[in-house]
Number of protein chains: 2
Amino acid sequence: MADHSALPLVVLAERFASLPGIGMKSAQRLAYYVMSMDEESVEDFAQALIDAKKNVHSCKCCQNLTERELCPICSDDERDKSIICVVESPKDVTAFERTREYGGVYHVLHGLLSPMDGITPDRLRIRELLGRISAGGVEEVIMATNPTVEGDATAMYIAGLLKPMGITVTRLAFGLPVGGILEYADEITLFKALENRNTM
Amino acid sequence: MADHSALPLVVLAERFASLPGIGMKSAQRLAYYVMSMDEESVEDFAQALIDAKKNVHSCKCCQNLTERELCPICSDDERDKSIICVVESPKDVTAFERTREYGGVYHVLHGLLSPMDGITPDRLRIRELLGRISAGGVEEVIMATNPTVEGDATAMYIAGLLKPMGITVTRLAFGLPVGGILEYADEITLFKALENRNTM
């Protein structure tokens with residue numbers, strides 16, 4: 001938007017454009033759309049942004065995003081705490097939960113190793129994973145990172161740390177299309193990948 | 001997102017999904033992205049939403065969106081007030097301003113006639129346009145609605161009201177691809193369409 005547009009609309013469009021996957025043209029459309037919403041809906045939207053940021057944080061156990069101290073999965077007595085599925089991001093937990101076939105718990109790394117981008121092991125939640133395993137009771141860790149270069153490297157790195165601790169470390173079966181993105185896999189593919197997991 | 005996701009994130013994703021062109025999958029990604037933003041940026045975003053809605057309203061003259069009483073174009077002494085370009089929406093004003101070739105002023109209808117959808121003349125800012133012309137000093141009105149069924153019908157309807165008032169009413173030349181959307185036209189096409197406008 002050029003300077004003849006109302007300034008608050010330009011600012012709003014720029015905020016939308018700063019989100020991933022939203023270009024300037026879409027951002028302008030969204031800003032104009034907000035003008036057509038009623039005031040209450042706009043305030044609810046603003047509040048939803050603030051609430052999510054303020055009230056959601058990492059679960060003290062699995063590091064998944066939650067508004068409680070311990071997330072619903074970690075605090076569920078019916079989940080098998082002896083098996084931990086290690087994923088890159090909270091989106092991946094959602095993808096696994098959709099299969100309705102996994103009864104263990106998770107550990108969210110919040111990223112993958114990528115030394116070129118400055119993502120070294122200390123930037124991920126690996127220390128917290130080692131802490132959980134040191135606390136005892138864990139028998140198997142499933143490395144469920146994406147089948148990409150970074151995903152494989154991260155799985156290999158963590159497997160190297162865990163094996164000396166006497167833990168079975170498995171990797172998702174490559175039923176997933178190599179180079180694919182885990183969160184887009186359909187339920188059956190993801191379930192097969194889980195079922196055919198291999199010892200690393 | 002299923003119920004194992006943090007509730008404020010589900011709410012935020014639903015807000016994003018209520019925007020046009022954003023599906024549930026993209027909305028979830030955006031909600032997670034918000035979690036990765038720093039708190040100040042999230043608050044700025046929320047404030048931008050509220051500011052845009054609260055401080056932006058219609059210009060009392062041309063009905064374009066502005067945070068002032070009179071928009072920058074209407075209050076610019078160098079713009080030719082004797083020629084009014086009538087458009088459907090504020091986005092179209094932005095498109096014309098990008099041509100840098102139009103020196104007149106605008107009138108934003110905030111919609112097009114569409115009796116099937118209940119958009120009758122009283123729902124558009126036609127009364128305000130007639131008021132401007134009655135006030136005198138206007139020589140030409142350019143009907144610059146999209147070359148679609150609704151755009152043409154709206155142009156015809158307004159031309160019918162204006163011609164008895166002794167005003168020259170012109171229509172954008174059909175350099176625009178018929179059935180196309182005005183805001184996506186490139187600058188040159190739009191300028192040609194403006195240059196070759198015809199008396200209605």
# chains A, B, ... in the order shown; residues from 1 in each chain; ligands from 1

call {"tool": "residues_around", "arguments": {"residues": "range 85-97 of chain B", "least_positions_apart": "5", "cutoff": "6 Å", "atoms": "only C-alpha atoms", "output": "PyMOL selection string"}}
result
chain B and resi 64+106-111+141-145+183

call {"tool": "select_by_dssp", "arguments": {"residues": "range 26-96 of chain B", "states": "alpha helix (DSSP H)", "output": "PyMOL selection string"}}
result
chain B and resi 26-36+39-55+90-96

call {"tool": "atom_distance", "arguments": {"atom1": "CA of Ile126 in chain B", "atom2": "CA of Gln63 in chain B"}}
result
10.3 Å

call {"tool": "atom_distance", "arguments": {"atom1": "CA of Leu172 in chain A", "atom2": "CA of Ser82 in chain A"}}
result
17.2 Å

call {"tool": "residues_around", "arguments": {"residues": "range 19-33 of chain A", "least_positions_apart": "4", "cutoff": "7 Å", "atoms": "only C-alpha atoms", "output": "number ranges by chain"}}
result
A: 9, 12-14, 37; B: 19, 30

call {"tool": "residues_around", "arguments": {"residues": "Ser75 in chain B", "least_positions_apart": "6", "cutoff": "12 Å", "atoms": "only C-alpha atoms", "output": "MDAnalysis selection string"}}
result
(chainID A and resid 4) or (chainID B and resid 59:62 66 68:69 81 104:106)

call {"tool": "write_last_selection", "arguments": {"atoms": "all heavy atoms", "output": "mmCIF file, in the first residue's frame"}}
result
data_model
loop_
_atom_site.group_PDB
_atom_site.id
_atom_site.type_symbol
_atom_site.label_atom_id
_atom_site.label_comp_id
_atom_site.auth_asym_id
_atom_site.auth_seq_id
_atom_site.Cartn_x
_atom_site.Cartn_y
_atom_site.Cartn_z
ATOM 1 N N HIS A 4 -0.918 6.905 0.255
ATOM 2 C CA HIS A 4 -2.268 7.485 0.239
ATOM 3 C C HIS A 4 -3.257 6.589 0.980
ATOM 4 O O HIS A 4 -4.398 6.945 1.164
ATOM 5 C CB HIS A 4 -2.732 7.707 -1.198
ATOM 6 C CG HIS A 4 -2.655 6.457 -1.986
ATOM 7 N ND1 HIS A 4 -1.502 6.073 -2.635
ATOM 8 C CD2 HIS A 4 -3.536 5.472 -2.178
ATOM 9 C CE1 HIS A 4 -1.708 4.908 -3.211
ATOM 10 N NE2 HIS A 4 -2.921 4.521 -2.938
ATOM 11 N N CYS B 59 -13.757 8.292 4.444
ATOM 12 C CA CYS B 59 -13.555 9.736 4.193
ATOM 13 C C CYS B 59 -14.935 10.360 4.009
ATOM 14 O O CYS B 59 -15.780 9.797 3.307
ATOM 15 C CB CYS B 59 -12.710 9.902 2.935
ATOM 16 S SG CYS B 59 -12.689 11.574 2.274
ATOM 17 N N LYS B 60 -15.164 11.522 4.608
ATOM 18 C CA LYS B 60 -16.520 12.099 4.536
ATOM 19 C C LYS B 60 -16.860 12.537 3.116
ATOM 20 O O LYS B 60 -18.025 12.738 2.800
ATOM 21 C CB LYS B 60 -16.682 13.253 5.536
ATOM 22 C CG LYS B 60 -15.930 14.505 5.177
ATOM 23 C CD LYS B 60 -16.365 15.679 6.057
ATOM 24 C CE LYS B 60 -15.575 16.931 5.636
ATOM 25 N NZ LYS B 60 -15.994 18.141 6.339
ATOM 26 N N CYS B 61 -15.853 12.666 2.266
ATOM 27 C CA CYS B 61 -16.108 13.063 0.881
ATOM 28 C C CYS B 61 -16.148 11.844 -0.051
ATOM 29 O O CYS B 61 -17.199 11.501 -0.565
ATOM 30 C CB CYS B 61 -15.066 14.079 0.436
ATOM 31 S SG CYS B 61 -15.314 14.652 -1.252
ATOM 32 N N CYS B 62 -15.020 11.174 -0.218
ATOM 33 C CA CYS B 62 -14.944 10.125 -1.258
ATOM 34 C C CYS B 62 -15.270 8.729 -0.736
ATOM 35 O O CYS B 62 -15.328 7.778 -1.515
ATOM 36 C CB CYS B 62 -13.571 10.127 -1.915
ATOM 37 S SG CYS B 62 -12.270 9.422 -0.888
ATOM 38 N N THR B 66 -9.775 5.890 5.570
ATOM 39 C CA THR B 66 -8.747 6.828 6.009
ATOM 40 C C THR B 66 -8.817 6.963 7.522
ATOM 41 O O THR B 66 -9.848 6.657 8.124
ATOM 42 C CB THR B 66 -8.943 8.214 5.351
ATOM 43 O OG1 THR B 66 -7.945 9.103 5.837
ATOM 44 C CG2 THR B 66 -10.326 8.794 5.678
ATOM 45 N N ARG B 68 -8.180 9.961 8.784
ATOM 46 C CA ARG B 68 -8.532 11.375 8.976
ATOM 47 C C ARG B 68 -10.012 11.593 8.637
ATOM 48 O O ARG B 68 -10.674 10.703 8.126
ATOM 49 C CB ARG B 68 -7.703 12.257 8.046
ATOM 50 C CG ARG B 68 -6.219 11.915 8.040
ATOM 51 C CD ARG B 68 -5.474 12.981 7.276
ATOM 52 N NE ARG B 68 -4.218 12.504 6.769
ATOM 53 C CZ ARG B 68 -3.461 13.162 5.898
ATOM 54 N NH1 ARG B 68 -3.872 14.333 5.443
ATOM 55 N NH2 ARG B 68 -2.315 12.669 5.480
ATOM 56 N N GLU B 69 -10.474 12.833 8.858
ATOM 57 C CA GLU B 69 -11.855 13.137 8.494
ATOM 58 C C GLU B 69 -11.973 13.168 6.973
ATOM 59 O O GLU B 69 -12.898 12.611 6.378
ATOM 60 C CB GLU B 69 -12.255 14.495 9.098
ATOM 61 C CG GLU B 69 -13.759 14.717 9.099
ATOM 62 C CD GLU B 69 -14.134 16.092 9.634
ATOM 63 O OE1 GLU B 69 -13.232 16.929 9.858
ATOM 64 O OE2 GLU B 69 -15.331 16.337 9.802
ATOM 65 N N LYS B 81 -10.643 18.355 -8.683
ATOM 66 C CA LYS B 81 -11.921 17.960 -8.065
ATOM 67 C C LYS B 81 -13.074 17.881 -9.067
ATOM 68 O O LYS B 81 -14.178 17.474 -8.709
ATOM 69 C CB LYS B 81 -12.304 18.937 -6.930
ATOM 70 C CG LYS B 81 -11.234 19.131 -5.847
ATOM 71 C CD LYS B 81 -10.983 17.876 -5.055
ATOM 72 C CE LYS B 81 -10.135 18.129 -3.815
ATOM 73 N NZ LYS B 81 -8.789 18.690 -4.099
ATOM 74 N N GLY B 104 -7.300 13.196 -10.871
ATOM 75 C CA GLY B 104 -8.600 13.568 -10.325
ATOM 76 C C GLY B 104 -8.811 12.983 -8.934
ATOM 77 O O GLY B 104 -7.860 12.591 -8.260
ATOM 78 N N VAL B 105 -10.053 12.916 -8.493
ATOM 79 C CA VAL B 105 -10.379 12.336 -7.193
ATOM 80 C C VAL B 105 -11.212 11.059 -7.394
ATOM 81 O O VAL B 105 -11.476 10.674 -8.534
ATOM 82 C CB VAL B 105 -11.110 13.366 -6.287
ATOM 83 C CG1 VAL B 105 -10.140 14.474 -5.874
ATOM 84 C CG2 VAL B 105 -12.344 13.917 -6.972
ATOM 85 N N TYR B 106 -11.591 10.423 -6.288
ATOM 86 C CA TYR B 106 -12.284 9.140 -6.361
ATOM 87 C C TYR B 106 -13.633 9.182 -5.652
ATOM 88 O O TYR B 106 -13.911 10.103 -4.874
ATOM 89 C CB TYR B 106 -11.449 8.036 -5.688
ATOM 90 C CG TYR B 106 -10.136 7.811 -6.379
ATOM 91 C CD1 TYR B 106 -8.995 8.476 -5.956
ATOM 92 C CD2 TYR B 106 -10.048 6.924 -7.445
ATOM 93 C CE1 TYR B 106 -7.789 8.278 -6.596
ATOM 94 C CE2 TYR B 106 -8.836 6.723 -8.095
ATOM 95 C CZ TYR B 106 -7.718 7.403 -7.664
ATOM 96 O OH TYR B 106 -6.533 7.205 -8.309
#

call {"tool": "closest_residue", "arguments": {"among": "B:Leu182, B:Ala193, B:Leu129, B:Met200", "to": "Ala159 in chain B", "atoms": "only C-alpha atoms"}}
result
B:Met200

call {"tool": "select_by_dssp", "arguments": {"residues": "range 8-194 of chain A", "states": "strand (DSSP E or B)", "output": "PyMOL selection string"}}
result
chain A and resi 57-58+65-66+80-87+104-108+114+119+140-143+168-171

call {"tool": "residues_around", "arguments": {"residues": "range 43-56 of chain B", "least_positions_apart": "4", "cutoff": "8 Å", "atoms": "only C-alpha atoms", "output": "MDAnalysis selection string"}}
result
(chainID A and resid 6 8:9 11:12 15 34:35 39 42:43 45:47 49:50) or (chainID B and resid 39 65:68)

call {"tool": "write_last_selection", "arguments": {"atoms": "N, CA, C and O atoms", "output": "mmCIF file, in the first residue's frame"}}
result
data_model
loop_
_atom_site.group_PDB
_atom_site.id
_atom_site.type_symbol
_atom_site.label_atom_id
_atom_site.label_comp_id
_atom_site.auth_asym_id
_atom_site.auth_seq_id
_atom_site.Cartn_x
_atom_site.Cartn_y
_atom_site.Cartn_z
ATOM 1 N N ALA A 6 -4.714 4.604 4.306
ATOM 2 C CA ALA A 6 -4.758 4.948 5.728
ATOM 3 C C ALA A 6 -3.609 4.232 6.432
ATOM 4 O O ALA A 6 -3.426 3.025 6.276
ATOM 5 N N PRO A 8 -2.935 3.169 9.550
ATOM 6 C CA PRO A 8 -3.149 1.953 10.356
ATOM 7 C C PRO A 8 -3.382 0.716 9.484
ATOM 8 O O PRO A 8 -3.030 -0.395 9.875
ATOM 9 N N LEU A 9 -3.941 0.919 8.282
ATOM 10 C CA LEU A 9 -4.155 -0.207 7.372
ATOM 11 C C LEU A 9 -2.837 -0.686 6.793
ATOM 12 O O LEU A 9 -2.631 -1.886 6.594
ATOM 13 N N VAL A 11 0.061 -0.418 8.295
ATOM 14 C CA VAL A 11 0.737 -1.109 9.405
ATOM 15 C C VAL A 11 0.175 -2.525 9.543
ATOM 16 O O VAL A 11 0.930 -3.501 9.645
ATOM 17 N N LEU A 12 -1.136 -2.651 9.516
ATOM 18 C CA LEU A 12 -1.764 -3.962 9.680
ATOM 19 C C LEU A 12 -1.367 -4.905 8.541
ATOM 20 O O LEU A 12 -1.040 -6.071 8.766
ATOM 21 N N ARG A 15 2.004 -6.224 9.098
ATOM 22 C CA ARG A 15 2.018 -7.283 10.129
ATOM 23 C C ARG A 15 1.610 -8.608 9.508
ATOM 24 O O ARG A 15 2.230 -9.634 9.759
ATOM 25 N N VAL A 34 -10.312 -7.188 7.536
ATOM 26 C CA VAL A 34 -10.464 -6.847 8.958
ATOM 27 C C VAL A 34 -11.384 -5.635 9.118
ATOM 28 O O VAL A 34 -12.184 -5.567 10.048
ATOM 29 N N MET A 35 -11.291 -4.696 8.164
ATOM 30 C CA MET A 35 -12.151 -3.505 8.220
ATOM 31 C C MET A 35 -13.628 -3.877 8.121
ATOM 32 O O MET A 35 -14.485 -3.157 8.620
ATOM 33 N N GLU A 39 -16.459 -4.895 15.274
ATOM 34 C CA GLU A 39 -15.419 -4.506 16.220
ATOM 35 C C GLU A 39 -15.122 -5.604 17.237
ATOM 36 O O GLU A 39 -13.969 -5.846 17.590
ATOM 37 N N VAL A 42 -12.845 -8.292 15.852
ATOM 38 C CA VAL A 42 -11.460 -7.828 15.726
ATOM 39 C C VAL A 42 -10.783 -7.870 17.096
ATOM 40 O O VAL A 42 -9.646 -8.322 17.234
ATOM 41 N N GLU A 43 -11.525 -7.431 18.129
ATOM 42 C CA GLU A 43 -10.961 -7.463 19.486
ATOM 43 C C GLU A 43 -10.706 -8.892 19.940
ATOM 44 O O GLU A 43 -9.696 -9.176 20.597
ATOM 45 N N PHE A 45 -9.950 -11.382 18.011
ATOM 46 C CA PHE A 45 -8.772 -11.828 17.265
ATOM 47 C C PHE A 45 -7.508 -11.319 17.963
ATOM 48 O O PHE A 45 -6.573 -12.080 18.242
ATOM 49 N N ALA A 46 -7.504 -10.032 18.291
ATOM 50 C CA ALA A 46 -6.342 -9.431 18.957
ATOM 51 C C ALA A 46 -6.072 -10.144 20.283
ATOM 52 O O ALA A 46 -4.931 -10.454 20.633
ATOM 53 N N GLN A 47 -7.149 -10.432 21.006
ATOM 54 C CA GLN A 47 -7.014 -11.088 22.296
ATOM 55 C C GLN A 47 -6.492 -12.518 22.133
ATOM 56 O O GLN A 47 -5.693 -12.989 22.936
ATOM 57 N N LEU A 49 -4.485 -13.584 19.868
ATOM 58 C CA LEU A 49 -3.035 -13.488 19.632
ATOM 59 C C LEU A 49 -2.304 -13.374 20.959
ATOM 60 O O LEU A 49 -1.344 -14.097 21.231
ATOM 61 N N ILE A 50 -2.777 -12.441 21.793
ATOM 62 C CA ILE A 50 -2.109 -12.181 23.072
ATOM 63 C C ILE A 50 -2.230 -13.384 24.005
ATOM 64 O O ILE A 50 -1.259 -13.787 24.643
ATOM 65 N N GLU B 39 7.241 -11.535 22.364
ATOM 66 C CA GLU B 39 5.995 -11.052 22.946
ATOM 67 C C GLU B 39 5.614 -9.654 22.431
ATOM 68 O O GLU B 39 4.456 -9.361 22.157
ATOM 69 N N LEU B 65 -11.240 4.544 2.666
ATOM 70 C CA LEU B 65 -10.844 4.339 4.060
ATOM 71 C C LEU B 65 -9.684 5.270 4.415
ATOM 72 O O LEU B 65 -8.728 5.407 3.653
ATOM 73 N N THR B 66 -9.775 5.890 5.570
ATOM 74 C CA THR B 66 -8.747 6.828 6.009
ATOM 75 C C THR B 66 -8.817 6.963 7.522
ATOM 76 O O THR B 66 -9.848 6.657 8.124
ATOM 77 N N GLU B 67 -7.716 7.413 8.131
ATOM 78 C CA GLU B 67 -7.770 7.665 9.568
ATOM 79 C C GLU B 67 -8.076 9.141 9.854
ATOM 80 O O GLU B 67 -8.227 9.528 11.010
ATOM 81 N N ARG B 68 -8.180 9.961 8.784
ATOM 82 C CA ARG B 68 -8.532 11.375 8.976
ATOM 83 C C ARG B 68 -10.012 11.593 8.637
ATOM 84 O O ARG B 68 -10.674 10.703 8.126
#

call {"tool": "atom_distance", "arguments": {"atom1": "CA of Gly151 in chain A", "atom2": "CA of Gly118 in chain A"}}
result
15.3 Å

call {"tool": "closest_residue", "arguments": {"among": "A:Tyr184, A:Leu113, A:Arg132, A:Tyr102", "to": "chain B", "atoms": "only C-alpha atoms"}}
result
A:Tyr184

call {"tool": "closest_residue", "arguments": {"among": "B:Arg127, B:Thr148, B:Gly136, B:Glu101", "to": "Ser114 in chain B", "atoms": "only C-alpha atoms"}}
result
B:Thr148
